[in-house]
Amino acid sequence: TFNFVAGELVGGGPVKNAPYSADAVTENVQTLADGNRIVHNTTAKIFRDSQGRERREQTLPAIGPFAAQGEPPKTIFISDPVAGVNYSLDVQNKVAIKLPHPALPPMKTADMPPVPKEGAQVFIRRLEGPPTPGIPVPPQFMFFRRGPGAPGPGDGPAPQNEQLGAKVIEGVSTDGVRHTITIPAGQIGNERPIIVVDEVWRSPELQVTVQSSHNDPRMGTTQYSLRNVSRSEPAPTLFQVPSDYTVKEPPAPPKPIQVP
């Protein structure tokens, strides 16, 4: 089945000449057998300038240990492909962890994952955790096409893909696609078929997901959307480390243990 999470990965190949800012809102609702619901909401502020610099401000949800600590912690990540550096800002302690920017080529419209065609076998994989300690990395859709005889991630049923056409969302033109997977009765011990539906609306111009939804009866419903989208150029100071922050290098990775 699909491992679905909505959102975009900050960093990587820069998207130039497509500035924007928006609020990225994610809501996950899980309904228990007794009718009780578990609801998680997260909001992030996203900025990108014409040079492809990006900034993401994320407030961690006030659950678990964070619920009893007053104001929930806030993380800020700055990706600057022009200077070739990334920063992870510790707002509470005013510390900026400096990290190298991966050497990736600029992303062009032609390089975007193609919208799957009817009958193609497409899988969405979740990026599990940050690749570098201290950097919160939002998950991203990753599309894989599987040709005849080629191995794929898992032996589950292939999704049915439906083109949804074009739609304007928050003033942004998007193209939509719906993926539906039906798990037959008895495949995982289920008495009846299980239907999992993913819907993605992506902007070819901004090269970001503007709206998406995921509905899996086993896990609940996840809704993601960009709101308050502005196409104006963000302030340059958003992509700079504040003058009162201390810039530090990342901690060295642990040395491998030598076994005699």
# chains A, B, ... in the order shown; residues from 1 in each chain; ligands from 1

$ residues_around --residues "Ala33 of chain A" --least-positions-apart "6" --cutoff "12 Å" --atoms "only C-alpha atoms" --output "VMD selection string"
chain A and resid 217 to 220

$ select_by_dssp --residues "segment 185-251 of chain A" --states "helix (DSSP H, G or I)" --output "list of chain:residue names"
A:Pro236, A:Thr237, A:Leu238, A:Phe239

$ write_last_selection --atoms "N, CA, C and O atoms" --output "mmCIF file, in the first residue's frame"
data_model
loop_
_atom_site.group_PDB
_atom_site.id
_atom_site.type_symbol
_atom_site.label_atom_id
_atom_site.label_comp_id
_atom_site.auth_asym_id
_atom_site.auth_seq_id
_atom_site.Cartn_x
_atom_site.Cartn_y
_atom_site.Cartn_z
ATOM 1 N N PRO A 236 14.574 39.517 2.137
ATOM 2 C CA PRO A 236 15.881 38.828 2.117
ATOM 3 C C PRO A 236 16.345 38.379 3.491
ATOM 4 O O PRO A 236 17.074 37.384 3.605
ATOM 5 N N THR A 237 15.967 39.111 4.539
ATOM 6 C CA THR A 237 16.421 38.765 5.886
ATOM 7 C C THR A 237 15.899 37.408 6.361
ATOM 8 O O THR A 237 16.473 36.815 7.280
ATOM 9 N N LEU A 238 14.830 36.899 5.727
ATOM 10 C CA LEU A 238 14.304 35.597 6.126
ATOM 11 C C LEU A 238 15.285 34.471 5.841
ATOM 12 O O LEU A 238 15.206 33.403 6.455
ATOM 13 N N PHE A 239 16.225 34.696 4.907
ATOM 14 C CA PHE A 239 17.150 33.648 4.508
ATOM 15 C C PHE A 239 18.554 33.896 5.054
ATOM 16 O O PHE A 239 19.526 33.320 4.562
#

$ closest_atom_pairs --of "segment 144-228 of chain A" --to "segment 37-58 of chain A" --cutoff "12 Å" --atoms "only C-alpha atoms" --output "tab-separated table"
residue	atom	partner	partner_atom	distance
A:Leu206	CA	A:Arg48	CA	9.8
A:Gln207	CA	A:Gly52	CA	11.5
A:Val208	CA	A:Ile46	CA	11.1
A:Val210	CA	A:Ile46	CA	11.9
A:Met219	CA	A:Ile38	CA	10.8
A:Gly220	CA	A:Ile38	CA	9.2
A:Thr221	CA	A:Val39	CA	9.7
A:Thr222	CA	A:His40	CA	9.4
A:Gln223	CA	A:Asn41	CA	9.6
A:Tyr224	CA	A:Thr42	CA	9.6
A:Ser225	CA	A:Thr43	CA	9.8
A:Leu226	CA	A:Ile46	CA	9.1
A:Arg227	CA	A:Lys45	CA	9.6
A:Asn228	CA	A:Lys45	CA	10.0

$ closest_residue --among "A:Val247, A:Val29, A:Val85, A:Leu60" --to "Ser213 of chain A" --atoms "only C-alpha atoms"
A:Val29

$ atom_distance --atom1 "atom CA of Pro159 of chain A" --atom2 "atom CA of Leu32 of chain A"
26.3 Å

$ atom_distance --atom1 "atom CA of Ser88 of chain A" --atom2 "atom CA of Thr75 of chain A"
7.5 Å

$ residues_around --residues "segment 182-192 of chain A" --least-positions-apart "2" --cutoff "8 Å" --atoms "only C-alpha atoms" --output "PDB file with N, CA and C atoms, in the first residue's frame"
ATOM      1  N   GLY A 156       2.389  -5.514  -3.010  1.00  0.00           N
ATOM      2  CA  GLY A 156       0.979  -5.175  -2.877  1.00  0.00           C
ATOM      3  C   GLY A 156       0.346  -4.915  -4.227  1.00  0.00           C
ATOM      4  N   PRO A 157      -0.955  -4.722  -4.244  1.00  0.00           N
ATOM      5  CA  PRO A 157      -1.652  -4.478  -5.514  1.00  0.00           C
ATOM      6  C   PRO A 157      -1.254  -3.143  -6.119  1.00  0.00           C
ATOM      7  N   PRO A 159      -1.775   0.431  -7.897  1.00  0.00           N
ATOM      8  CA  PRO A 159      -2.850   1.412  -7.777  1.00  0.00           C
ATOM      9  C   PRO A 159      -3.524   1.700  -9.108  1.00  0.00           C
ATOM     10  N   THR A 180      -5.823   4.981  -6.291  1.00  0.00           N
ATOM     11  CA  THR A 180      -6.687   4.132  -5.480  1.00  0.00           C
ATOM     12  C   THR A 180      -6.126   2.722  -5.451  1.00  0.00           C
ATOM     13  N   ILE A 194     -10.308  -3.506   1.386  1.00  0.00           N
ATOM     14  CA  ILE A 194      -9.890  -2.245   1.986  1.00  0.00           C
ATOM     15  C   ILE A 194      -9.477  -1.309   0.861  1.00  0.00           C
ATOM     16  N   ILE A 195     -10.067  -0.121   0.833  1.00  0.00           N
ATOM     17  CA  ILE A 195      -9.794   0.841  -0.235  1.00  0.00           C
ATOM     18  C   ILE A 195      -8.984   2.010   0.335  1.00  0.00           C
ATOM     19  N   VAL A 196      -7.823   2.250  -0.239  1.00  0.00           N
ATOM     20  CA  VAL A 196      -6.937   3.337   0.178  1.00  0.00           C
ATOM     21  C   VAL A 196      -6.851   4.342  -0.968  1.00  0.00           C
TER      22      VAL A 196
END

$ atom_distance --atom1 "atom CA of Ser230 of chain A" --atom2 "atom CA of Ala96 of chain A"
27.1 Å

$ closest_residue --among "A:His214, A:His179, A:Arg231, A:Lys94" --to "Gln163 of chain A" --atoms "only C-alpha atoms"
A:His179

$ closest_residue --among "A:Val200, A:Ala235, A:Val241, A:Val229" --to "Gly171 of chain A" --atoms "only C-alpha atoms"
A:Val229

$ closest_residue --among "A:Val168, A:Asn161, A:Glu205, A:Thr174" --to "Lys16 of chain A" --atoms "only C-alpha atoms"
A:Glu205

$ select_by_dssp --residues "segment 180-238 of chain A" --states "strand (DSSP E or B)" --output "number ranges by chain"
A: 180-183, 194-203, 208-216, 220-230
